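What follows is the content of input_20.pdb (PDB, C-alpha atoms).
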```pdb
ATOM      1  CA  MET U   1      15.092 -19.028  -5.071
ATOM      2  CA  GLU U   2      18.770 -19.971  -5.245
ATOM      3  CA  GLU U   3      20.747 -18.652  -8.180
ATOM      4  CA  PRO U   4      24.357 -19.157  -9.232
ATOM      5  CA  ALA U   5      26.797 -17.212  -7.101
ATOM      6  CA  LEU U   6      28.211 -14.080  -8.651
ATOM      7  CA  LYS U   7      31.943 -13.955  -9.253
ATOM      8  CA  PRO U   8      33.451 -11.891  -6.404
ATOM      9  CA  GLU U   9      35.446  -9.733  -8.812
ATOM     10  CA  MET U  10      32.288  -8.956 -10.826
ATOM     11  CA  LEU U  11      30.423  -7.956  -7.678
ATOM     12  CA  ASP U  12      33.309  -5.691  -6.668
ATOM     13  CA  ILE U  13      33.144  -3.948 -10.056
ATOM     14  CA  ALA U  14      29.363  -3.597  -9.727
ATOM     15  CA  ARG U  15      29.665  -2.081  -6.260
ATOM     16  CA  GLU U  16      32.092   0.507  -7.596
ATOM     17  CA  ILE U  17      29.681   1.344 -10.426
ATOM     18  CA  VAL U  18      26.873   1.820  -7.885
ATOM     19  CA  ARG U  19      29.140   3.966  -5.701
ATOM     20  CA  THR U  20      29.986   6.294  -8.605
ATOM     21  CA  SER U  21      26.653   6.280 -10.483
ATOM     22  CA  LEU U  22      23.308   7.960 -10.076
ATOM     23  CA  VAL U  23      21.138   5.134  -8.719
ATOM     24  CA  TRP U  24      17.390   5.740  -8.922
ATOM     25  CA  ASP U  25      14.673   3.331  -7.751
ATOM     26  CA  ASN U  26      11.530   4.751  -9.314
ATOM     27  CA  HIS U  27       8.890   3.130  -7.105
ATOM     28  CA  ALA U  28       8.568   1.928  -3.513
ATOM     29  CA  CYS U  29       5.658   1.555  -1.108
ATOM     30  CA  MET U  30       5.718   2.828   2.450
ATOM     31  CA  PRO U  31       2.643   2.368   4.699
ATOM     32  CA  LEU U  32      -0.110   4.785   3.720
ATOM     33  CA  ARG U  33      -0.987   5.809   7.260
ATOM     34  CA  PRO U  34      -0.539   9.553   7.890
ATOM     35  CA  GLU U  35       1.832  10.318  10.739
ATOM     36  CA  ASP U  36       2.849   6.672  11.155
ATOM     37  CA  HIS U  37       6.570   7.032  10.498
ATOM     38  CA  SER U  38       7.626   3.734  12.032
ATOM     39  CA  PHE U  39       8.829   2.237   8.743
ATOM     40  CA  LEU U  40      10.511   5.332   7.289
ATOM     41  CA  PRO U  41      13.813   4.776   9.173
ATOM     42  CA  GLN U  42      14.258   1.697   6.962
ATOM     43  CA  LEU U  43      15.165   4.137   4.201
ATOM     44  CA  GLU U  44      18.585   4.318   5.855
ATOM     45  CA  ASP U  45      19.374   0.849   4.493
ATOM     46  CA  VAL U  46      18.488   2.139   1.022
ATOM     47  CA  ARG U  47      20.625   5.258   1.389
ATOM     48  CA  ALA U  48      23.575   3.346   2.851
ATOM     49  CA  SER U  49      23.538   0.905  -0.076
ATOM     50  CA  GLY U  50      24.225   3.711  -2.561
ATOM     51  CA  VAL U  51      20.748   4.511  -3.885
ATOM     52  CA  ASN U  52      20.506   8.252  -4.569
ATOM     53  CA  VAL U  53      16.820   8.732  -5.442
ATOM     54  CA  ILE U  54      13.691   6.801  -4.503
ATOM     55  CA  SER U  55      10.061   7.456  -5.416
ATOM     56  CA  LEU U  56       7.517   6.813  -2.655
ATOM     57  CA  ASN U  57       3.889   6.150  -3.427
ATOM     58  CA  VAL U  58       1.429   8.549  -1.709
ATOM     59  CA  GLY U  59      -1.782   6.862  -2.843
ATOM     60  CA  PHE U  60      -3.231   4.231  -5.155
ATOM     61  CA  GLY U  61      -6.397   2.720  -6.559
ATOM     62  CA  PRO U  62      -9.646   4.059  -5.095
ATOM     63  CA  GLN U  63      -8.066   6.451  -2.581
ATOM     64  CA  GLY U  64      -9.295  10.016  -2.921
ATOM     65  CA  PRO U  65      -7.637  13.444  -2.953
ATOM     66  CA  ASP U  66      -7.712  14.007   0.802
ATOM     67  CA  GLU U  67      -5.877  10.737   1.449
ATOM     68  CA  HIS U  68      -3.195  11.605  -1.110
ATOM     69  CA  LEU U  69      -2.679  15.097   0.288
ATOM     70  CA  ALA U  70      -2.443  13.762   3.844
ATOM     71  CA  MET U  71       0.298  11.333   2.822
ATOM     72  CA  LEU U  72       2.181  14.083   0.961
ATOM     73  CA  ASP U  73       2.157  16.146   4.156
ATOM     74  CA  SER U  74       3.208  13.203   6.293
ATOM     75  CA  PHE U  75       6.135  12.062   4.142
ATOM     76  CA  SER U  76       7.297  15.603   3.370
ATOM     77  CA  ASN U  77       7.369  16.553   7.031
ATOM     78  CA  TRP U  78       9.396  13.485   7.960
ATOM     79  CA  VAL U  79      11.924  13.960   5.150
ATOM     80  CA  SER U  80      12.331  17.658   5.994
ATOM     81  CA  SER U  81      12.900  16.838   9.662
ATOM     82  CA  HIS U  82      15.701  14.404   8.707
ATOM     83  CA  SER U  83      17.480  16.691   6.257
ATOM     84  CA  ASP U  84      20.970  15.481   7.170
ATOM     85  CA  ASP U  85      20.276  12.211   5.370
ATOM     86  CA  TYR U  86      17.294  12.913   3.066
ATOM     87  CA  LEU U  87      16.281  15.558   0.551
ATOM     88  CA  LEU U  88      12.920  16.325  -1.047
ATOM     89  CA  ILE U  89      13.375  16.349  -4.808
ATOM     90  CA  GLN U  90      11.619  19.117  -6.714
ATOM     91  CA  SER U  91      14.019  19.578  -9.630
ATOM     92  CA  ILE U  92      16.930  18.087 -11.532
ATOM     93  CA  ALA U  93      19.266  20.324  -9.532
ATOM     94  CA  ASP U  94      17.977  18.636  -6.354
ATOM     95  CA  VAL U  95      18.923  15.234  -7.777
ATOM     96  CA  GLU U  96      22.495  16.435  -8.268
ATOM     97  CA  THR U  97      22.535  17.903  -4.751
ATOM     98  CA  ALA U  98      21.305  14.638  -3.221
ATOM     99  CA  GLN U  99      23.966  12.623  -5.019
ATOM    100  CA  LYS U 100      26.830  14.964  -4.142
ATOM    101  CA  SER U 101      25.795  15.247  -0.481
ATOM    102  CA  LYS U 102      25.216  11.468  -0.136
ATOM    103  CA  ARG U 103      21.644  12.062   0.926
ATOM    104  CA  LEU U 104      18.746   9.961  -0.331
ATOM    105  CA  GLY U 105      16.579  12.088  -2.599
ATOM    106  CA  VAL U 106      12.843  11.424  -2.208
ATOM    107  CA  ILE U 107      10.197  12.090  -4.828
ATOM    108  CA  PHE U 108       6.559  11.022  -4.745
ATOM    109  CA  ASP U 109       4.232   9.224  -7.124
ATOM    110  CA  VAL U 110       0.472   8.771  -7.490
ATOM    111  CA  GLU U 111      -0.826   5.397  -8.660
ATOM    112  CA  GLY U 112      -3.895   6.183 -10.707
ATOM    113  CA  MET U 113      -6.048   9.194 -11.505
ATOM    114  CA  VAL U 114      -8.983   8.423  -9.184
ATOM    115  CA  PRO U 115      -8.170  11.490  -7.013
ATOM    116  CA  LEU U 116      -8.792  13.535 -10.167
ATOM    117  CA  ASP U 117     -12.237  12.009 -10.767
ATOM    118  CA  ASN U 118     -15.175  14.432 -10.852
ATOM    119  CA  GLY U 119     -13.135  17.041 -12.703
ATOM    120  CA  ARG U 120     -10.378  17.623 -10.126
ATOM    121  CA  ILE U 121      -7.825  18.367 -12.807
ATOM    122  CA  ASP U 122      -6.545  21.240 -10.631
ATOM    123  CA  LEU U 123      -4.822  18.640  -8.457
ATOM    124  CA  VAL U 124      -2.291  17.858 -11.186
ATOM    125  CA  GLU U 125      -0.441  21.122 -10.596
ATOM    126  CA  ALA U 126      -0.975  20.898  -6.834
ATOM    127  CA  PHE U 127       0.583  17.440  -6.752
ATOM    128  CA  ARG U 128       3.497  18.473  -8.944
ATOM    129  CA  THR U 129       4.391  21.503  -6.840
ATOM    130  CA  ARG U 130       4.483  19.236  -3.787
ATOM    131  CA  GLY U 131       7.003  16.831  -5.238
ATOM    132  CA  VAL U 132       4.996  14.296  -7.257
ATOM    133  CA  GLY U 133       7.269  13.323 -10.125
ATOM    134  CA  TRP U 134       4.943  10.967 -11.970
ATOM    135  CA  MET U 135       1.345   9.760 -11.952
ATOM    136  CA  LEU U 136      -0.043   6.660 -13.606
ATOM    137  CA  VAL U 137      -3.343   6.651 -15.432
ATOM    138  CA  ALA U 138      -5.303   3.752 -13.908
ATOM    139  CA  TYR U 139      -4.571   1.327 -11.071
ATOM    140  CA  ASN U 140      -5.931  -2.031 -12.313
ATOM    141  CA  ARG U 141      -9.496  -0.717 -12.664
ATOM    142  CA  ASN U 142     -11.179   1.828 -14.916
ATOM    143  CA  ASN U 143     -11.557   5.432 -13.775
ATOM    144  CA  ASP U 144     -12.682   8.691 -15.352
ATOM    145  CA  ALA U 145      -9.410   8.983 -17.298
ATOM    146  CA  GLY U 146      -8.969   5.506 -18.759
ATOM    147  CA  GLY U 147      -8.850   1.745 -18.443
ATOM    148  CA  GLY U 148      -7.042  -0.515 -15.988
ATOM    149  CA  CYS U 149      -5.086  -3.656 -16.795
ATOM    150  CA  ALA U 150      -7.337  -5.941 -14.700
ATOM    151  CA  GLU U 151     -10.603  -5.033 -16.436
ATOM    152  CA  GLU U 152     -12.308  -7.370 -18.896
ATOM    153  CA  GLU U 153     -12.877  -4.360 -21.156
ATOM    154  CA  ASP U 154     -10.279  -1.632 -21.461
ATOM    155  CA  VAL U 155     -12.278   1.542 -22.149
ATOM    156  CA  GLY U 156      -9.294   3.404 -23.598
ATOM    157  CA  LEU U 157      -8.149   6.944 -22.870
ATOM    158  CA  THR U 158     -11.244   9.088 -22.334
ATOM    159  CA  VAL U 159     -11.818  12.684 -23.414
ATOM    160  CA  TYR U 160     -11.239  13.697 -19.794
ATOM    161  CA  GLY U 161      -8.111  11.565 -19.702
ATOM    162  CA  ARG U 162      -6.733  13.468 -22.676
ATOM    163  CA  LYS U 163      -7.272  16.727 -20.797
ATOM    164  CA  VAL U 164      -5.390  15.319 -17.815
ATOM    165  CA  ILE U 165      -2.475  14.241 -20.030
ATOM    166  CA  ALA U 166      -2.346  17.722 -21.555
ATOM    167  CA  GLU U 167      -2.294  19.265 -18.079
ATOM    168  CA  MET U 168       0.489  16.925 -16.973
ATOM    169  CA  ASN U 169       2.478  17.933 -20.035
ATOM    170  CA  ARG U 170       1.868  21.592 -19.185
ATOM    171  CA  VAL U 171       3.013  21.438 -15.563
ATOM    172  CA  GLY U 172       5.855  18.993 -16.146
ATOM    173  CA  MET U 173       4.643  15.789 -14.525
ATOM    174  CA  ILE U 174       5.700  12.466 -16.066
ATOM    175  CA  VAL U 175       2.870  10.259 -17.351
ATOM    176  CA  CYS U 176       3.081   6.602 -16.272
ATOM    177  CA  CYS U 177       1.194   3.614 -17.717
ATOM    178  CA  SER U 178       1.977   0.845 -15.212
ATOM    179  CA  HIS U 179      -1.229  -0.909 -14.009
ATOM    180  CA  THR U 180      -2.984   0.653 -17.021
ATOM    181  CA  GLY U 181      -4.911  -1.200 -19.715
ATOM    182  CA  HIS U 182      -2.923  -1.912 -22.852
ATOM    183  CA  ARG U 183      -5.289  -0.066 -25.201
ATOM    184  CA  THR U 184      -5.345   2.925 -22.854
ATOM    185  CA  ALA U 185      -1.552   2.886 -22.540
ATOM    186  CA  MET U 186      -1.080   2.952 -26.295
ATOM    187  CA  GLU U 187      -3.515   5.864 -26.616
ATOM    188  CA  VAL U 188      -1.735   7.729 -23.793
ATOM    189  CA  MET U 189       1.585   7.377 -25.597
ATOM    190  CA  GLU U 190       0.022   8.724 -28.771
ATOM    191  CA  ALA U 191      -1.554  11.657 -26.900
ATOM    192  CA  SER U 192       1.372  12.822 -24.758
ATOM    193  CA  CYS U 193       3.782  15.454 -26.010
ATOM    194  CA  ASP U 194       6.397  14.269 -23.502
ATOM    195  CA  PRO U 195       8.105  10.917 -22.925
ATOM    196  CA  VAL U 196       5.877   8.353 -21.190
ATOM    197  CA  ILE U 197       7.092   5.725 -18.722
ATOM    198  CA  PHE U 198       6.099   2.403 -17.233
ATOM    199  CA  SER U 199       7.555   2.973 -13.778
ATOM    200  CA  HIS U 200       7.291  -0.629 -12.573
ATOM    201  CA  SER U 201       6.203  -3.116 -15.241
ATOM    202  CA  ASN U 202       7.811  -6.393 -16.298
ATOM    203  CA  ALA U 203       8.006  -8.250 -19.609
ATOM    204  CA  LYS U 204       4.954 -10.311 -20.526
ATOM    205  CA  ALA U 205       7.129 -12.340 -22.890
ATOM    206  CA  ILE U 206       9.125 -13.577 -19.894
ATOM    207  CA  TRP U 207       6.165 -14.129 -17.535
ATOM    208  CA  ASP U 208       2.566 -14.025 -18.793
ATOM    209  CA  HIS U 209       0.789 -12.002 -16.107
ATOM    210  CA  TYR U 210      -1.881  -9.340 -16.589
ATOM    211  CA  ARG U 211       0.354  -6.787 -14.824
ATOM    212  CA  ASN U 212       3.196  -7.323 -17.289
ATOM    213  CA  ILE U 213       3.389  -5.595 -20.652
ATOM    214  CA  PRO U 214       3.823  -7.009 -24.156
ATOM    215  CA  ASP U 215       6.729  -6.200 -26.427
ATOM    216  CA  GLU U 216       4.637  -3.788 -28.509
ATOM    217  CA  LEU U 217       4.106  -1.539 -25.482
ATOM    218  CA  ILE U 218       7.792  -1.681 -24.556
ATOM    219  CA  LYS U 219       8.657  -0.559 -28.084
ATOM    220  CA  ALA U 220       5.966   2.151 -28.076
ATOM    221  CA  CYS U 221       7.274   3.494 -24.771
ATOM    222  CA  ALA U 222      10.803   3.707 -26.146
ATOM    223  CA  ALA U 223       9.478   5.507 -29.229
ATOM    224  CA  THR U 224       8.208   8.329 -26.990
ATOM    225  CA  GLY U 225      11.681   8.634 -25.470
ATOM    226  CA  GLY U 226      10.412   6.932 -22.329
ATOM    227  CA  VAL U 227      11.669   4.217 -19.991
ATOM    228  CA  VAL U 228      10.254   0.943 -18.659
ATOM    229  CA  GLY U 229      11.206   0.237 -15.028
ATOM    230  CA  VAL U 230      11.511  -3.424 -14.102
ATOM    231  CA  ASN U 231       9.964  -4.307 -10.738
ATOM    232  CA  GLY U 232      11.162  -6.814  -8.170
ATOM    233  CA  LEU U 233       7.948  -8.572  -7.134
ATOM    234  CA  SER U 234       8.120 -12.358  -7.501
ATOM    235  CA  SER U 235       4.496 -12.561  -8.712
ATOM    236  CA  PHE U 236       5.399 -10.484 -11.760
ATOM    237  CA  LEU U 237       8.959 -11.716 -12.250
ATOM    238  CA  GLY U 238       7.679 -15.297 -12.357
ATOM    239  CA  ASN U 239       8.659 -18.681 -10.935
ATOM    240  CA  ARG U 240       8.273 -17.260  -7.407
ATOM    241  CA  ASP U 241      11.701 -15.762  -7.949
ATOM    242  CA  ALA U 242      12.622 -12.247  -6.781
ATOM    243  CA  SER U 243      16.365 -12.722  -7.114
ATOM    244  CA  PRO U 244      18.610 -10.063  -8.681
ATOM    245  CA  GLY U 245      19.310 -12.496 -11.505
ATOM    246  CA  ARG U 246      15.621 -12.762 -12.338
ATOM    247  CA  VAL U 247      15.298  -8.965 -12.333
ATOM    248  CA  ALA U 248      18.255  -8.848 -14.725
ATOM    249  CA  GLU U 249      16.508 -11.369 -16.996
ATOM    250  CA  HIS U 250      13.529  -9.045 -17.459
ATOM    251  CA  ILE U 251      15.857  -6.074 -17.969
ATOM    252  CA  ASP U 252      17.814  -7.970 -20.598
ATOM    253  CA  HIS U 253      14.693  -8.916 -22.539
ATOM    254  CA  MET U 254      13.717  -5.260 -22.798
ATOM    255  CA  VAL U 255      17.221  -4.122 -23.677
ATOM    256  CA  GLN U 256      17.314  -6.614 -26.546
ATOM    257  CA  LEU U 257      14.101  -5.002 -27.837
ATOM    258  CA  VAL U 258      14.775  -1.282 -27.403
ATOM    259  CA  GLY U 259      18.350  -0.804 -26.225
ATOM    260  CA  PRO U 260      19.792   0.184 -22.849
ATOM    261  CA  ALA U 261      18.604   3.817 -23.063
ATOM    262  CA  HIS U 262      14.975   2.873 -22.413
ATOM    263  CA  VAL U 263      15.115   0.506 -19.439
ATOM    264  CA  GLY U 264      15.351   1.357 -15.732
ATOM    265  CA  ILE U 265      14.478  -0.008 -12.307
ATOM    266  CA  GLY U 266      11.354   0.555 -10.180
ATOM    267  CA  LEU U 267      11.457  -2.294  -7.706
ATOM    268  CA  ASP U 268       8.021  -1.718  -6.114
ATOM    269  CA  TYR U 269       9.405  -2.814  -2.757
ATOM    270  CA  VAL U 270       6.706  -2.969  -0.052
ATOM    271  CA  PHE U 271       8.094  -2.066   3.365
ATOM    272  CA  ASP U 272       5.017  -3.158   5.363
ATOM    273  CA  ARG U 273       3.998  -6.631   4.138
ATOM    274  CA  LYS U 274       1.133  -6.826   6.648
ATOM    275  CA  GLU U 275      -0.511  -3.751   5.154
ATOM    276  CA  LEU U 276      -0.225  -5.288   1.671
ATOM    277  CA  GLU U 277      -1.848  -8.510   2.899
ATOM    278  CA  GLU U 278      -4.711  -6.478   4.373
ATOM    279  CA  TYR U 279      -5.217  -4.644   1.072
ATOM    280  CA  LEU U 280      -5.316  -7.924  -0.848
ATOM    281  CA  ALA U 281      -7.831  -9.394   1.614
ATOM    282  CA  THR U 282     -10.189  -6.421   1.796
ATOM    283  CA  MET U 283      -9.911  -4.531  -1.534
ATOM    284  CA  LYS U 284     -11.407  -7.142  -3.840
ATOM    285  CA  GLU U 285     -12.577  -4.541  -6.351
ATOM    286  CA  THR U 286      -9.029  -3.253  -6.735
ATOM    287  CA  PHE U 287      -7.145  -6.556  -6.671
ATOM    288  CA  PRO U 288      -8.498  -9.492  -8.700
ATOM    289  CA  ASN U 289      -8.718 -12.870  -7.023
ATOM    290  CA  ASP U 290      -5.420 -13.914  -8.529
ATOM    291  CA  ALA U 291      -3.485 -16.858  -7.106
ATOM    292  CA  SER U 292      -0.183 -15.123  -7.859
ATOM    293  CA  LEU U 293      -1.112 -12.365  -5.404
ATOM    294  CA  GLN U 294      -2.207 -14.798  -2.698
ATOM    295  CA  GLU U 295       0.843 -17.054  -2.653
ATOM    296  CA  PRO U 296       3.792 -15.991  -0.480
ATOM    297  CA  MET U 297       5.374 -13.080  -2.305
ATOM    298  CA  ASP U 298       8.977 -12.004  -2.251
ATOM    299  CA  PHE U 299      10.563  -8.711  -3.259
ATOM    300  CA  ALA U 300      13.932  -7.609  -4.499
ATOM    301  CA  HIS U 301      15.171  -4.903  -2.119
ATOM    302  CA  PRO U 302      16.554  -1.522  -3.283
ATOM    303  CA  SER U 303      19.809  -2.358  -1.483
ATOM    304  CA  GLN U 304      20.371  -5.133  -4.065
ATOM    305  CA  MET U 305      21.202  -2.734  -6.893
ATOM    306  CA  ALA U 306      24.838  -3.881  -6.954
ATOM    307  CA  GLU U 307      23.783  -7.512  -7.375
ATOM    308  CA  ILE U 308      21.450  -6.560 -10.226
ATOM    309  CA  ALA U 309      24.286  -4.593 -11.844
ATOM    310  CA  ALA U 310      26.672  -7.531 -11.430
ATOM    311  CA  HIS U 311      24.264  -9.856 -13.241
ATOM    312  CA  LEU U 312      24.070  -7.371 -16.118
ATOM    313  CA  LEU U 313      27.869  -7.203 -16.266
ATOM    314  CA  GLU U 314      28.034 -10.989 -16.380
ATOM    315  CA  ARG U 315      25.674 -10.848 -19.368
ATOM    316  CA  GLY U 316      28.217  -8.655 -21.154
ATOM    317  CA  TYR U 317      26.782  -5.209 -20.463
ATOM    318  CA  SER U 318      29.178  -2.279 -20.591
ATOM    319  CA  ASP U 319      29.854  -0.012 -17.641
ATOM    320  CA  SER U 320      28.078   2.866 -19.399
ATOM    321  CA  ASP U 321      24.976   0.811 -20.201
ATOM    322  CA  VAL U 322      24.670  -0.365 -16.590
ATOM    323  CA  ARG U 323      24.883   3.239 -15.421
ATOM    324  CA  LEU U 324      22.018   4.211 -17.731
ATOM    325  CA  ILE U 325      19.821   1.421 -16.374
ATOM    326  CA  LEU U 326      20.669   2.174 -12.729
ATOM    327  CA  GLY U 327      19.492   5.770 -12.993
ATOM    328  CA  GLY U 328      20.743   7.695 -15.983
ATOM    329  CA  ASN U 329      17.650   6.947 -18.031
ATOM    330  CA  TRP U 330      15.273   8.183 -15.310
ATOM    331  CA  LEU U 331      17.331  11.362 -15.060
ATOM    332  CA  ARG U 332      17.069  11.941 -18.803
ATOM    333  CA  VAL U 333      13.269  11.608 -18.783
ATOM    334  CA  ALA U 334      12.909  13.826 -15.724
ATOM    335  CA  ALA U 335      15.130  16.467 -17.343
ATOM    336  CA  ALA U 336      12.916  16.376 -20.436
ATOM    337  CA  VAL U 337       9.618  16.641 -18.548
ATOM    338  CA  TRP U 338      10.001  18.384 -15.183
ATOM    339  CA  ARG U 339       9.536  22.125 -15.459
TER
END
```

Representation of the structure as structure tokens:
Amino acid sequence: MEEPALKPEMLDIAREIVRTSLVWDNHACMPLRPEDHSFLPQLEDVRASGVNVISLNVGFGPQGPDEHLAMLDSFSNWVSSHSDDYLLIQSIADVETAQKSKRLGVIFDVEGMVPLDNGRIDLVEAFRTRGVGWMLVAYNRNNDAGGGCAEEEDVGLTVYGRKVIAEMNRVGMIVCCSHTGHRTAMEVMEASCDPVIFSHSNAKAIWDHYRNIPDELIKACAATGGVVGVNGLSSFLGNRDASPGRVAEHIDHMVQLVGPAHVGIGLDYVFDRKELEEYLATMKETFPNDASLQEPMDFAHPSQMAEIAAHLLERGYSDSDVRLILGGNWLRVAAAVWR
């Protein structure tokens, strides 16, 4: 969708902010096919644009532990074999190293606790030691830990789910409530000793979609010290619009609620659109028959961080507030949680 052109001088300022800031995109989706590295070279466009850290999904929904571990091996091996340009992130010190060396730091995330079903709580520490920075509770549907956002009845955080949250707190893995039922999310935020995030969730007040979150959850997240990451998917941004200006609109709504210290960016960019279309066509239990997911979807790309920043500047945001939203807030949460 067309949007008003940015003032050239504002875009120049935004590009300089990106060049000198920590820029952290907290969620992206590469193909989940072990040893298929054909899309990974596209990360060069992300690195060249000034992004310093990106989180890659290693599994979602109904996928089990073996599938997650295979993807961890596959991505880790590729990143390690391209160490001139990329760095596996295990600690806050690694984030600083990636930024200083102009490499793209890569962390991993797990979308939902299904791989922990049947009592596999031991995998929390195993995932964390292999570079998983955060894990969300449920991916649209209920699991042994809690309720998903696409269920008619949100079962809430279960007794087992509370044990998983406690284990995540112990090992230093960030708890995420994107895709999670609203009742479950609120109970997770009450149960966790550490800040809780929504890695890639938009404002329901701006666009009423089951994947977006109401103001009360945004405020509850901020109260834990956490951060809500705005995603760049047109279905969730609304009006079939994945422009940087529309992303900035969702950011601004949240900032007006909780301040700039609790909002970030997790664009949820899908590198292989064909794989996504296959998931939507074949995984009916995971993805509801929702028209918004069937229409042509568009995505804001991680390389558009400067445009997003420029729109925030045009809304009157300060340099320091833009830097927090671009990555400083994710760094603060990671420093508080990662052991």

Q: Would you kindly translate the PyMOL selection byres ((chain U and resi 203) around 10) into the concrete residues it picks from this file, as a list in words?
A: Ser201, Asn202, Lys204, Ala205, Ile206, Trp207, Asp208, His209, Arg211, Asn212, Ile213, Pro214, Asp215, Leu217, Ile218, Val228, Val230, Asn231, Phe236, Leu237, Glu249, His250, Ile251, Asp252, His253 and Met254 of chain U

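Coordinates place CA of Ala291 (chain U) at a distance of 21.9 Å from CA of Pro62 (chain U).
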
(Q) Once the PyMOL selection byres ((chain U and resi 118-120) around 12) is applied to the coordinates I shared, what remains selected? I want it as a PyMOL selection string. (A) chain U and resi 64-66+113-117+121-127+143-145+159-161+163-164+167

Q: May I ask which of the residues U:Pro302, U:Arg339, U:Ser76, U:Leu331 is the closest one to Glu44 (chain U), counting only C-alpha atoms?
A: U:Pro302

Q: Please write the residues picked by the PyMOL selection byres ((chain U and resi 313) around 12) on this file as a VMD selection string.
A: chain U and resid 6 to 7 9 to 15 17 245 248 252 306 to 312 314 to 323 325

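With distances restricted to all atoms listed in the file, U:Arg246 is the closest residue to Pro4 (chain U) from U:Arg246, U:Lys284, U:His301, U:Arg273.
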
**Q.** Selected residue, from U:Met30, U:Glu111, U:Arg130, U:Arg162, that lies nearest to Asn77 (chain U) when counting all atoms listed in the file
**A.**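 Answer, going by the shortest atom-to-atom distance: U:Arg130.
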
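Within 9 Å of the point (9.8, -7.6, -4.1), counting only C-alpha atoms, the protein and nucleic acid residues come to Asn231, Gly232, Leu233, Ser234, Ser235, Ala242, Ser243, Leu267, Asp268, Tyr269, Val270, Met297, Asp298, Phe299, Ala300 and His301 of chain U.
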
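The residue that comes closest to Glu153 (chain U), out of U:Thr180, U:Asn169, U:Ser91, U:Ser192 and on the basis of only C-alpha atoms, is U:Thr180.
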
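The interatomic distance for the pair CA of Val137 (chain U) and CA of Cys177 (chain U) works out to 5.9 Å.
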
Q.
Nearest residue to Gly59 (chain U) out of U:Ala185, U:Ile92, U:Ala5, U:Val132, using all atoms listed in the file?
A.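 Under the stated criterion, the closest residue is U:Val132.
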
Q. Expressed in Å to a single decimal, how great is the separation between CA of Ile174 (chain U) and CA of Gly133 (chain U)?
A.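 If I compute the distance from CA of Ile174 (chain U) to CA of Gly133 (chain U), I get 6.2 Å.
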
**Q.** Ala150 (chain U) environment, 8 Å, all atoms listed in the file, sequence neighbours closer than 3 positions dropped, as a PyMOL selection string
**A.** chain U and resi 140-141+179+181+210-211+288

As a CSV table (one decimal), in the frame of the given file, could you write out region 91-100 of chain U once it has been completed with N, CA, C and O atoms?
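New file part_30.csv:
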```csv
chain,number,residue,atom,x,y,z
U,91,SER,N,13.4,19.2,-8.4
U,91,SER,CA,14.0,19.6,-9.6
U,91,SER,C,15.2,18.7,-9.9
U,91,SER,O,15.7,18.0,-9.1
U,92,ILE,N,15.7,18.8,-11.1
U,92,ILE,CA,16.9,18.1,-11.5
U,92,ILE,C,18.1,18.5,-10.7
U,92,ILE,O,19.0,17.7,-10.3
U,93,ALA,N,18.2,19.8,-10.4
U,93,ALA,CA,19.3,20.3,-9.5
U,93,ALA,C,19.3,19.6,-8.2
U,93,ALA,O,20.3,19.4,-7.6
U,94,ASP,N,18.1,19.3,-7.6
U,94,ASP,CA,18.0,18.6,-6.4
U,94,ASP,C,18.5,17.2,-6.4
U,94,ASP,O,19.1,16.7,-5.5
U,95,VAL,N,18.4,16.6,-7.6
U,95,VAL,CA,18.9,15.2,-7.8
U,95,VAL,C,20.4,15.3,-7.7
U,95,VAL,O,21.1,14.5,-7.0
U,96,GLU,N,21.0,16.3,-8.3
U,96,GLU,CA,22.5,16.4,-8.3
U,96,GLU,C,22.9,16.7,-6.8
U,96,GLU,O,24.0,16.2,-6.4
U,97,THR,N,22.2,17.6,-6.1
U,97,THR,CA,22.5,17.9,-4.8
U,97,THR,C,22.5,16.7,-3.9
U,97,THR,O,23.4,16.4,-3.0
U,98,ALA,N,21.4,15.9,-4.0
U,98,ALA,CA,21.3,14.6,-3.2
U,98,ALA,C,22.5,13.7,-3.5
U,98,ALA,O,23.1,13.2,-2.5
U,99,GLN,N,22.9,13.5,-4.7
U,99,GLN,CA,24.0,12.6,-5.0
U,99,GLN,C,25.3,13.1,-4.4
U,99,GLN,O,26.0,12.4,-3.8
U,100,LYS,N,25.6,14.4,-4.6
U,100,LYS,CA,26.8,15.0,-4.1
U,100,LYS,C,26.9,15.0,-2.6
U,100,LYS,O,28.0,14.8,-2.1
```
